[in-house]
file run_5.cif (mmCIF, C-alpha atoms; chains and numbers go by the auth columns)
data_final
loop_
_atom_site.group_PDB
_atom_site.id
_atom_site.type_symbol
_atom_site.label_atom_id
_atom_site.label_comp_id
_atom_site.label_asym_id
_atom_site.label_seq_id
_atom_site.Cartn_x
_atom_site.Cartn_y
_atom_site.Cartn_z
_atom_site.B_iso_or_equiv
_atom_site.auth_seq_id
_atom_site.auth_asym_id
ATOM 1 C CA MET A 1 70.312 91.792 -46.266 0.00 1091 A
ATOM 2 C CA LEU A 2 69.934 93.234 -49.747 0.00 1092 A
ATOM 3 C CA ARG A 3 68.827 90.764 -52.392 0.00 1093 A
ATOM 4 C CA ILE A 4 68.959 91.709 -56.072 0.00 1094 A
ATOM 5 C CA THR A 5 67.528 89.853 -59.057 0.00 1095 A
ATOM 6 C CA ASP A 6 70.186 89.158 -61.679 0.00 1096 A
ATOM 7 C CA ALA A 7 68.667 90.163 -65.018 0.00 1097 A
ATOM 8 C CA ARG A 8 70.646 87.473 -66.834 0.00 1098 A
ATOM 9 C CA THR A 9 69.235 84.576 -64.825 0.00 1099 A
ATOM 10 C CA GLY A 10 66.052 85.987 -63.299 0.00 1100 A
ATOM 11 C CA GLU A 11 67.193 84.625 -59.951 0.00 1101 A
ATOM 12 C CA SER A 12 67.516 86.535 -56.712 0.00 1102 A
ATOM 13 C CA THR A 13 71.025 86.669 -55.316 0.00 1103 A
ATOM 14 C CA ASP A 14 72.238 87.244 -51.789 0.00 1104 A
ATOM 15 C CA ALA A 15 75.687 88.241 -52.994 0.00 1105 A
ATOM 16 C CA PHE A 16 75.717 91.072 -50.460 0.00 1106 A
ATOM 17 C CA ALA A 17 75.623 88.785 -47.452 0.00 1107 A
ATOM 18 C CA ALA A 18 78.455 88.986 -44.932 0.00 1108 A
ATOM 19 C CA PRO A 19 81.396 89.087 -45.047 0.00 1109 A
ATOM 20 C CA ARG A 20 81.018 92.512 -46.599 0.00 1110 A
ATOM 21 C CA GLY A 21 83.821 93.241 -49.034 0.00 1111 A
ATOM 22 C CA LEU A 22 84.080 96.136 -51.450 0.00 1112 A
ATOM 23 C CA THR A 23 81.278 96.255 -54.009 0.00 1113 A
ATOM 24 C CA ARG A 24 81.592 98.139 -57.292 0.00 1114 A
ATOM 25 C CA VAL A 25 78.346 99.509 -58.687 0.00 1115 A
ATOM 26 C CA GLN A 26 79.142 100.163 -62.334 0.00 1116 A
ATOM 27 C CA ALA A 27 76.614 102.241 -64.269 0.00 1117 A
ATOM 28 C CA HIS A 28 76.725 101.760 -68.039 0.00 1118 A
ATOM 29 C CA ALA A 29 75.451 105.058 -69.413 0.00 1119 A
ATOM 30 C CA THR A 30 77.005 106.302 -72.631 0.00 1120 A
ATOM 31 C CA ARG A 31 74.192 108.451 -74.021 0.00 1121 A
ATOM 32 C CA SER A 32 72.809 111.790 -72.775 0.00 1122 A
ATOM 33 C CA ASP A 33 69.113 110.868 -72.667 0.00 1123 A
ATOM 34 C CA THR A 34 66.749 110.392 -69.742 0.00 1124 A
ATOM 35 C CA SER A 35 67.070 106.606 -69.984 0.00 1125 A
ATOM 36 C CA SER A 36 70.807 106.871 -69.275 0.00 1126 A
ATOM 37 C CA LEU A 37 70.065 109.334 -66.474 0.00 1127 A
ATOM 38 C CA ARG A 38 67.752 106.744 -64.940 0.00 1128 A
ATOM 39 C CA VAL A 39 70.546 104.155 -65.093 0.00 1129 A
ATOM 40 C CA LEU A 40 72.798 106.503 -63.113 0.00 1130 A
ATOM 41 C CA LEU A 41 69.971 107.162 -60.637 0.00 1131 A
ATOM 42 C CA VAL A 42 69.363 103.466 -59.973 0.00 1132 A
ATOM 43 C CA ALA A 43 73.104 102.953 -59.484 0.00 1133 A
ATOM 44 C CA ASP A 44 73.154 105.869 -57.033 0.00 1134 A
ATOM 45 C CA VAL A 45 70.247 104.494 -54.983 0.00 1135 A
ATOM 46 C CA LEU A 46 71.723 100.982 -55.025 0.00 1136 A
ATOM 47 C CA ALA A 47 75.003 102.349 -53.681 0.00 1137 A
ATOM 48 C CA ARG A 48 73.125 104.225 -50.956 0.00 1138 A
ATOM 49 C CA ALA A 49 71.284 101.048 -49.945 0.00 1139 A
ATOM 50 C CA LEU A 50 74.542 99.135 -49.702 0.00 1140 A
ATOM 51 C CA GLU A 51 76.146 101.874 -47.604 0.00 1141 A
ATOM 52 C CA ILE A 52 73.213 101.957 -45.188 0.00 1142 A
ATOM 53 C CA GLY A 53 73.618 98.211 -44.808 0.00 1143 A
ATOM 54 C CA GLY A 54 77.301 98.592 -43.963 0.00 1144 A
ATOM 55 C CA THR A 55 78.786 97.437 -47.272 0.00 1145 A
ATOM 56 C CA PRO A 56 81.788 99.385 -48.605 0.00 1146 A
ATOM 57 C CA VAL A 57 80.847 100.561 -52.095 0.00 1147 A
ATOM 58 C CA VAL A 58 82.248 102.568 -54.961 0.00 1148 A
ATOM 59 C CA THR A 59 80.154 103.800 -57.884 0.00 1149 A
ATOM 60 C CA VAL A 60 81.848 103.643 -61.271 0.00 1150 A
ATOM 61 C CA ALA A 61 80.696 105.328 -64.480 0.00 1151 A
ATOM 62 C CA ASP A 62 82.009 107.298 -67.422 0.00 1152 A
ATOM 63 C CA PRO A 63 79.029 109.286 -68.717 0.00 1153 A
ATOM 64 C CA PRO A 64 79.315 112.011 -71.363 0.00 1154 A
ATOM 65 C CA ALA A 65 79.709 115.547 -70.038 0.00 1155 A
ATOM 66 C CA GLU A 66 76.087 116.539 -70.696 0.00 1156 A
ATOM 67 C CA LEU A 67 74.758 113.530 -68.794 0.00 1157 A
ATOM 68 C CA ARG A 68 77.237 114.082 -65.983 0.00 1158 A
ATOM 69 C CA ALA A 69 75.905 117.624 -65.548 0.00 1159 A
ATOM 70 C CA ARG A 70 72.292 116.414 -65.508 0.00 1160 A
ATOM 71 C CA ALA A 71 73.189 113.768 -62.949 0.00 1161 A
ATOM 72 C CA LEU A 72 74.725 116.346 -60.610 0.00 1162 A
ATOM 73 C CA GLU A 73 71.568 118.461 -60.867 0.00 1163 A
ATOM 74 C CA LEU A 74 69.526 115.391 -59.930 0.00 1164 A
ATOM 75 C CA GLY A 75 71.581 114.851 -56.765 0.00 1165 A
ATOM 76 C CA ILE A 76 73.346 111.785 -58.136 0.00 1166 A
ATOM 77 C CA ARG A 77 76.708 111.560 -56.463 0.00 1167 A
ATOM 78 C CA PRO A 78 79.737 111.713 -58.774 0.00 1168 A
ATOM 79 C CA ALA A 79 81.093 108.342 -59.820 0.00 1169 A
ATOM 80 C CA GLU A 80 84.694 107.323 -60.207 0.00 1170 A
ATOM 81 C CA ALA A 81 86.184 106.619 -63.616 0.00 1171 A
ATOM 82 C CA PRO A 82 86.315 102.935 -64.581 0.00 1172 A
ATOM 83 C CA THR A 83 89.462 101.196 -63.412 0.00 1173 A
ATOM 84 C CA ALA A 84 90.693 97.651 -63.180 0.00 1174 A
ATOM 85 C CA PRO A 85 88.047 95.405 -61.553 0.00 1175 A
ATOM 86 C CA GLY A 86 88.248 94.927 -57.824 0.00 1176 A
ATOM 87 C CA GLY A 87 85.749 93.409 -55.427 0.00 1177 A
ATOM 88 C CA ARG A 88 82.265 92.315 -56.410 0.00 1178 A
ATOM 89 C CA THR A 89 80.695 94.127 -59.342 0.00 1179 A
ATOM 90 C CA VAL A 90 77.076 95.004 -60.015 0.00 1180 A
ATOM 91 C CA HIS A 91 76.428 96.236 -63.552 0.00 1181 A
ATOM 92 C CA VAL A 92 73.521 98.672 -63.907 0.00 1182 A
ATOM 93 C CA LEU A 93 72.403 99.100 -67.512 0.00 1183 A
ATOM 94 C CA ARG A 94 69.363 99.818 -69.602 0.00 1184 A
ATOM 95 C CA THR A 95 67.065 96.999 -70.675 0.00 1185 A
ATOM 96 C CA HIS A 96 68.143 95.422 -73.983 0.00 1186 A
ATOM 97 C CA ALA A 97 71.314 97.476 -73.892 0.00 1187 A
ATOM 98 C CA THR A 98 73.724 97.121 -76.781 0.00 1188 A
ATOM 99 C CA ALA A 99 77.446 97.688 -76.965 0.00 1189 A
ATOM 100 C CA ALA A 100 76.670 101.287 -77.970 0.00 1190 A
ATOM 101 C CA ASP A 101 74.835 101.698 -74.658 0.00 1191 A
ATOM 102 C CA GLY A 102 77.911 100.496 -72.798 0.00 1192 A
ATOM 103 C CA ARG A 103 76.762 96.937 -72.242 0.00 1193 A
ATOM 104 C CA PRO A 104 79.679 95.090 -70.618 0.00 1194 A
ATOM 105 C CA GLY A 105 81.409 92.461 -72.706 0.00 1195 A
ATOM 106 C CA THR A 106 82.010 90.344 -69.621 0.00 1196 A
ATOM 107 C CA VAL A 107 79.387 88.205 -67.909 0.00 1197 A
ATOM 108 C CA ASP A 108 81.033 88.666 -64.521 0.00 1198 A
ATOM 109 C CA GLY A 109 78.964 90.191 -61.768 0.00 1199 A
ATOM 110 C CA ILE A 110 75.272 90.844 -61.245 0.00 1200 A
ATOM 111 C CA HIS A 111 73.299 92.623 -63.971 0.00 1201 A
ATOM 112 C CA VAL A 112 70.577 95.082 -62.938 0.00 1202 A
ATOM 113 C CA GLU A 113 68.463 96.249 -65.869 0.00 1203 A
ATOM 114 C CA VAL A 114 66.586 99.552 -65.974 0.00 1204 A
ATOM 115 C CA ALA A 115 63.711 100.251 -68.357 0.00 1205 A
ATOM 116 C CA PRO A 116 63.728 103.360 -70.577 0.00 1206 A
ATOM 117 C CA ALA A 117 62.521 106.738 -69.358 0.00 1207 A
ATOM 118 C CA HIS A 118 61.286 109.686 -71.399 0.00 1208 A
ATOM 119 C CA GLY A 119 60.634 113.320 -70.656 0.00 1209 A
ATOM 120 C CA THR A 120 62.128 115.705 -68.165 0.00 1210 A
ATOM 121 C CA ALA A 121 61.258 118.050 -65.310 0.00 1211 A
ATOM 122 C CA GLU A 122 62.870 120.161 -62.599 0.00 1212 A
ATOM 123 C CA PRO A 123 65.651 118.012 -61.094 0.00 1213 A
ATOM 124 C CA GLY A 124 64.081 117.154 -57.736 0.00 1214 A
ATOM 125 C CA VAL A 125 60.726 116.479 -59.360 0.00 1215 A
ATOM 126 C CA LEU A 126 62.316 114.288 -62.018 0.00 1216 A
ATOM 127 C CA ARG A 127 64.188 112.291 -59.390 0.00 1217 A
ATOM 128 C CA LEU A 128 60.964 111.579 -57.504 0.00 1218 A
ATOM 129 C CA ALA A 129 59.029 110.768 -60.678 0.00 1219 A
ATOM 130 C CA LEU A 130 61.669 108.226 -61.693 0.00 1220 A
ATOM 131 C CA LEU A 131 61.916 106.683 -58.225 0.00 1221 A
ATOM 132 C CA ALA A 132 58.145 106.328 -57.930 0.00 1222 A
ATOM 133 C CA ARG A 133 57.988 103.612 -60.584 0.00 1223 A
ATOM 134 C CA PRO A 134 59.572 100.133 -60.494 0.00 1224 A
ATOM 135 C CA ARG A 135 62.842 100.191 -62.383 0.00 1225 A
ATOM 136 C CA ARG A 136 61.596 97.564 -64.852 0.00 1226 A
ATOM 137 C CA ASP A 137 58.659 99.767 -65.896 0.00 1227 A
ATOM 138 C CA VAL A 138 58.982 102.300 -68.686 0.00 1228 A
ATOM 139 C CA VAL A 139 58.473 105.827 -67.326 0.00 1229 A
ATOM 140 C CA ASP A 140 57.049 108.725 -69.321 0.00 1230 A
ATOM 141 C CA VAL A 141 57.546 111.935 -67.359 0.00 1231 A
ATOM 142 C CA ASP A 142 54.826 113.980 -69.028 0.00 1232 A
ATOM 143 C CA ASP A 143 53.299 117.198 -67.686 0.00 1233 A
ATOM 144 C CA ASP A 144 50.760 115.381 -65.481 0.00 1234 A
ATOM 145 C CA THR A 145 53.384 113.042 -64.001 0.00 1235 A
ATOM 146 C CA ALA A 146 55.707 115.955 -63.294 0.00 1236 A
ATOM 147 C CA ALA A 147 52.910 117.984 -61.728 0.00 1237 A
ATOM 148 C CA ARG A 148 51.921 115.166 -59.359 0.00 1238 A
ATOM 149 C CA ALA A 149 55.534 114.546 -58.361 0.00 1239 A
ATOM 150 C CA GLY A 150 56.096 118.262 -57.851 0.00 1240 A
ATOM 151 C CA GLU A 151 53.048 118.624 -55.618 0.00 1241 A
ATOM 152 C CA LEU A 152 54.100 115.638 -53.518 0.00 1242 A
ATOM 153 C CA LEU A 153 57.686 116.815 -53.156 0.00 1243 A
ATOM 154 C CA THR A 154 56.563 120.309 -52.131 0.00 1244 A
ATOM 155 C CA ARG A 155 54.100 118.885 -49.598 0.00 1245 A
ATOM 156 C CA TRP A 156 56.620 116.513 -48.063 0.00 1246 A
ATOM 157 C CA ARG A 157 59.353 119.134 -47.772 0.00 1247 A
ATOM 158 C CA ALA A 158 56.933 121.539 -46.096 0.00 1248 A
ATOM 159 C CA ALA A 159 55.706 118.803 -43.743 0.00 1249 A
ATOM 160 C CA VAL A 160 59.243 117.835 -42.780 0.00 1250 A
ATOM 161 C CA ALA A 161 60.030 121.491 -42.035 0.00 1251 A
ATOM 162 C CA ARG A 162 56.995 121.640 -39.714 0.00 1252 A
ATOM 163 C CA TRP A 163 57.770 118.332 -38.039 0.00 1253 A
ATOM 164 C CA ALA A 164 61.343 119.471 -37.406 0.00 1254 A
ATOM 165 C CA THR A 165 60.030 122.082 -34.974 0.00 1255 A
ATOM 166 C CA ARG A 166 58.567 119.378 -32.733 0.00 1256 A
ATOM 167 C CA PRO A 167 60.452 117.311 -30.101 0.00 1257 A
ATOM 168 C CA SER A 168 62.451 114.574 -31.781 0.00 1258 A
ATOM 169 C CA ARG A 169 61.332 110.965 -31.465 0.00 1259 A
ATOM 170 C CA PRO A 170 63.071 107.864 -32.818 0.00 1260 A
ATOM 171 C CA VAL A 171 61.957 106.152 -35.992 0.00 1261 A
ATOM 172 C CA PRO A 172 59.461 103.478 -34.892 0.00 1262 A
ATOM 173 C CA GLU A 173 61.094 100.074 -35.213 0.00 1263 A
ATOM 174 C CA ASP A 174 58.227 98.612 -37.218 0.00 1264 A
ATOM 175 C CA VAL A 175 58.383 101.518 -39.671 0.00 1265 A
ATOM 176 C CA LYS A 176 62.140 101.178 -40.071 0.00 1266 A
ATOM 177 C CA ARG A 177 61.711 97.456 -40.623 0.00 1267 A
ATOM 178 C CA GLN A 178 59.079 98.070 -43.309 0.00 1268 A
ATOM 179 C CA MET A 179 61.369 100.459 -45.183 0.00 1269 A
ATOM 180 C CA ARG A 180 64.401 98.203 -44.915 0.00 1270 A
ATOM 181 C CA THR A 181 62.359 95.185 -46.007 0.00 1271 A
ATOM 182 C CA ALA A 182 61.177 97.138 -49.039 0.00 1272 A
ATOM 183 C CA TRP A 183 64.516 98.350 -50.326 0.00 1273 A
ATOM 184 C CA GLU A 184 66.308 95.117 -49.465 0.00 1274 A
ATOM 185 C CA ASP A 185 63.749 93.248 -51.588 0.00 1275 A
ATOM 186 C CA ASP A 186 65.277 93.900 -55.005 0.00 1276 A
ATOM 187 C CA LEU A 187 65.565 97.645 -54.325 0.00 1277 A
ATOM 188 C CA ASP A 188 61.800 98.229 -54.222 0.00 1278 A
ATOM 189 C CA VAL A 189 61.880 102.018 -53.887 0.00 1279 A
ATOM 190 C CA PRO A 190 58.157 102.547 -54.688 0.00 1280 A
ATOM 191 C CA ALA A 191 57.351 100.422 -51.629 0.00 1281 A
ATOM 192 C CA VAL A 192 59.557 102.710 -49.513 0.00 1282 A
ATOM 193 C CA LEU A 193 57.549 105.690 -50.763 0.00 1283 A
ATOM 194 C CA GLU A 194 54.346 103.876 -49.793 0.00 1284 A
ATOM 195 C CA VAL A 195 55.654 103.546 -46.239 0.00 1285 A
ATOM 196 C CA LEU A 196 56.210 107.322 -46.183 0.00 1286 A
ATOM 197 C CA HIS A 197 52.630 107.887 -47.368 0.00 1287 A
ATOM 198 C CA ARG A 198 51.366 105.738 -44.491 0.00 1288 A
ATOM 199 C CA VAL A 199 53.558 107.573 -41.971 0.00 1289 A
ATOM 200 C CA GLU A 200 52.249 110.904 -43.238 0.00 1290 A
ATOM 201 C CA ARG A 201 48.629 109.785 -42.706 0.00 1291 A
ATOM 202 C CA ALA A 202 49.114 107.898 -39.408 0.00 1292 A
ATOM 203 C CA ASP A 203 47.189 109.374 -36.480 0.00 1293 A
ATOM 204 C CA ASP A 204 49.217 107.655 -33.778 0.00 1294 A
ATOM 205 C CA LEU A 205 52.708 108.948 -34.620 0.00 1295 A
ATOM 206 C CA PRO A 206 54.198 112.069 -33.025 0.00 1296 A
ATOM 207 C CA ASP A 207 55.508 114.615 -35.499 0.00 1297 A
ATOM 208 C CA GLY A 208 59.034 114.162 -34.189 0.00 1298 A
ATOM 209 C CA ALA A 209 58.932 110.503 -35.225 0.00 1299 A
ATOM 210 C CA ARG A 210 57.608 111.460 -38.645 0.00 1300 A
ATOM 211 C CA PHE A 211 60.519 113.833 -39.076 0.00 1301 A
ATOM 212 C CA GLU A 212 63.116 111.232 -38.143 0.00 1302 A
ATOM 213 C CA THR A 213 61.432 108.675 -40.427 0.00 1303 A
ATOM 214 C CA TYR A 214 61.566 110.959 -43.447 0.00 1304 A
ATOM 215 C CA ALA A 215 65.139 112.000 -42.689 0.00 1305 A
ATOM 216 C CA TYR A 216 66.151 108.345 -42.432 0.00 1306 A
ATOM 217 C CA ALA A 217 64.399 107.406 -45.684 0.00 1307 A
ATOM 218 C CA ASP A 218 66.080 110.302 -47.465 0.00 1308 A
ATOM 219 C CA ARG A 219 69.463 108.679 -46.913 0.00 1309 A
ATOM 220 C CA LEU A 220 68.258 106.265 -49.584 0.00 1310 A
ATOM 221 C CA LEU A 221 66.012 108.504 -51.674 0.00 1311 A
ATOM 222 C CA GLY A 222 68.210 111.597 -51.931 0.00 1312 A
ATOM 223 C CA LEU A 223 65.196 113.910 -52.381 0.00 1313 A
ATOM 224 C CA GLU A 224 66.434 116.657 -50.036 0.00 1314 A
ATOM 225 C CA LEU A 225 63.329 116.237 -47.900 0.00 1315 A
ATOM 226 C CA THR A 226 64.929 118.284 -45.110 0.00 1316 A
ATOM 227 C CA ARG A 227 65.848 121.155 -47.427 0.00 1317 A
ATOM 228 C CA ASP A 228 63.214 123.612 -46.140 0.00 1318 A
ATOM 229 C CA ILE A 229 63.951 123.230 -42.438 0.00 1319 A
ATOM 230 C CA GLY A 230 64.200 126.655 -40.837 0.00 1320 A
ATOM 231 C CA THR A 231 62.228 128.432 -43.559 0.00 1321 A
ATOM 232 C CA LEU A 232 58.898 128.509 -41.732 0.00 1322 A
ATOM 233 C CA GLY A 233 57.786 131.927 -40.618 0.00 1323 A
#
call {"tool": "encode", "arguments": {"input": "run_5.cif", "output": "structure tokens"}}
result
Amino acid sequence: MLRITDARTGESTDAFAAPRGLTRVQAHATRSDTSSLRVLLVADVLARALEIGGTPVVTVADPPAELRARALELGIRPAEAPTAPGGRTVHVLRTHATAADGRPGTVDGIHVEVAPAHGTAEPGVLRLALLARPRRDVVDVDDDTAARAGELLTRWRAAVARWATRPSRPVPEDVKRQMRTAWEDDLDVPAVLEVLHRVERADDLPDGARFETYAYADRLLGLELTRDIGTLG
């Protein structure tokens, strides 16, 4: 069960416990900078986590055209335009957001705050660089950060393409539990990435299980880890 810390109270909420009704994930992103892009990314990953857990969800946002284009490049799924409230609402917004940043005037719903981000990189690399840090930490995507994220993304995509040629094996239950525990604990995406690092290094896992693990994790991460399947010579 996904638990999220409400930024207004500092308390963890289990508002996503059954019965599972519609949840609106509303991203408040009115600027065209990387900080607003990170808000949309966190909203996207939160919606993915809810869907994996069986919760009906709709993502709502009204970003400027430039930010909308950047979001599409980053693999962030298009959001619906804001409408009349319906179901439970989770507001995703930048830390210390003002009215100019789209901070909601209402106190209804859970507030998820996202720290600022600076810099840019190739879309897939930028997505990984932003996901690799806790959402409350400021992220500076400089050349070194982008290079490390790019090397990791290239290595993982190539590994997944190799593993895909091996007989399929199910995701080990303990590995799946570790990933679910991580993202259900206040959407701790860096901890999910740590699980993938351990799976990559494990000596006792067949490659087919590694493949299925990475494919399963990518339902949350949206990094296109299976993109290079079929490209090996």
call {"tool": "resolve_selection", "arguments": {"input": "run_5.cif", "expression": "the PyMOL selection byres ((chain A and resi 1264-1272) around 12)", "output": "PyMOL selection string"}}
result
chain A and resi 1091-1094+1139-1140+1142-1143+1224+1260-1263+1273-1290+1292+1295+1299-1300+1302-1311
call {"tool": "closest_residue", "arguments": {"input": "run_5.cif", "among": "A:Val1182, A:Leu1220, A:Ala1207, A:Leu1315", "to": "A:Gln1116", "atoms": "all atoms listed in the file"}}
result
A:Val1182
call {"tool": "atom_distance", "arguments": {"input": "run_5.cif", "atom1": "atom CA of A:Thr1179", "atom2": "atom CA of A:Val1115"}}
result
5.9 Å
call {"tool": "resolve_selection", "arguments": {"input": "run_5.cif", "expression": "the PyMOL selection byres ((chain A and resi 1171) around 10)", "output": "JSON, numbers by chain"}}
result
{"A": [1116, 1149, 1150, 1151, 1152, 1153, 1168, 1169, 1170, 1172, 1173]}
call {"tool": "closest_residue", "arguments": {"input": "run_5.cif", "among": "A:Leu1162, A:Ala1155, A:Leu1243, A:Val1229", "to": "A:Leu1131", "atoms": "only C-alpha atoms"}}
result
A:Leu1162
call {"tool": "atom_distance", "arguments": {"input": "run_5.cif", "atom1": "atom CA of A:Asp1232", "atom2": "atom CA of A:Ala1159"}}
result
21.7 Å
call {"tool": "residues_around", "arguments": {"input": "run_5.cif", "residues": "A:Arg1121", "least_positions_apart": "3", "cutoff": "8 Å", "atoms": "only C-alpha atoms", "output": "ChimeraX atom specification"}}
result
/A:1126,1153-1154,1157,1191
call {"tool": "atom_distance", "arguments": {"input": "run_5.cif", "atom1": "atom CA of A:Val1129", "atom2": "atom CA of A:His1208"}}
result
12.5 Å
call {"tool": "residues_around", "arguments": {"input": "run_5.cif", "residues": "A:Glu1203", "least_positions_apart": "4", "cutoff": "7 Å", "atoms": "all atoms listed in the file", "output": "PyMOL selection string"}}
result
chain A and resi 1097+1182-1185
call {"tool": "closest_residue", "arguments": {"input": "run_5.cif", "among": "A:Ser1258, A:Thr1095, A:Thr1124, A:Thr1145", "to": "A:Ala1205", "atoms": "all atoms listed in the file"}}
result
A:Thr1124
call {"tool": "closest_residue", "arguments": {"input": "run_5.cif", "among": "A:Val1147, A:Ile1166, A:Gly1199, A:Arg1128", "to": "A:Thr1103", "atoms": "only C-alpha atoms"}}
result
A:Gly1199
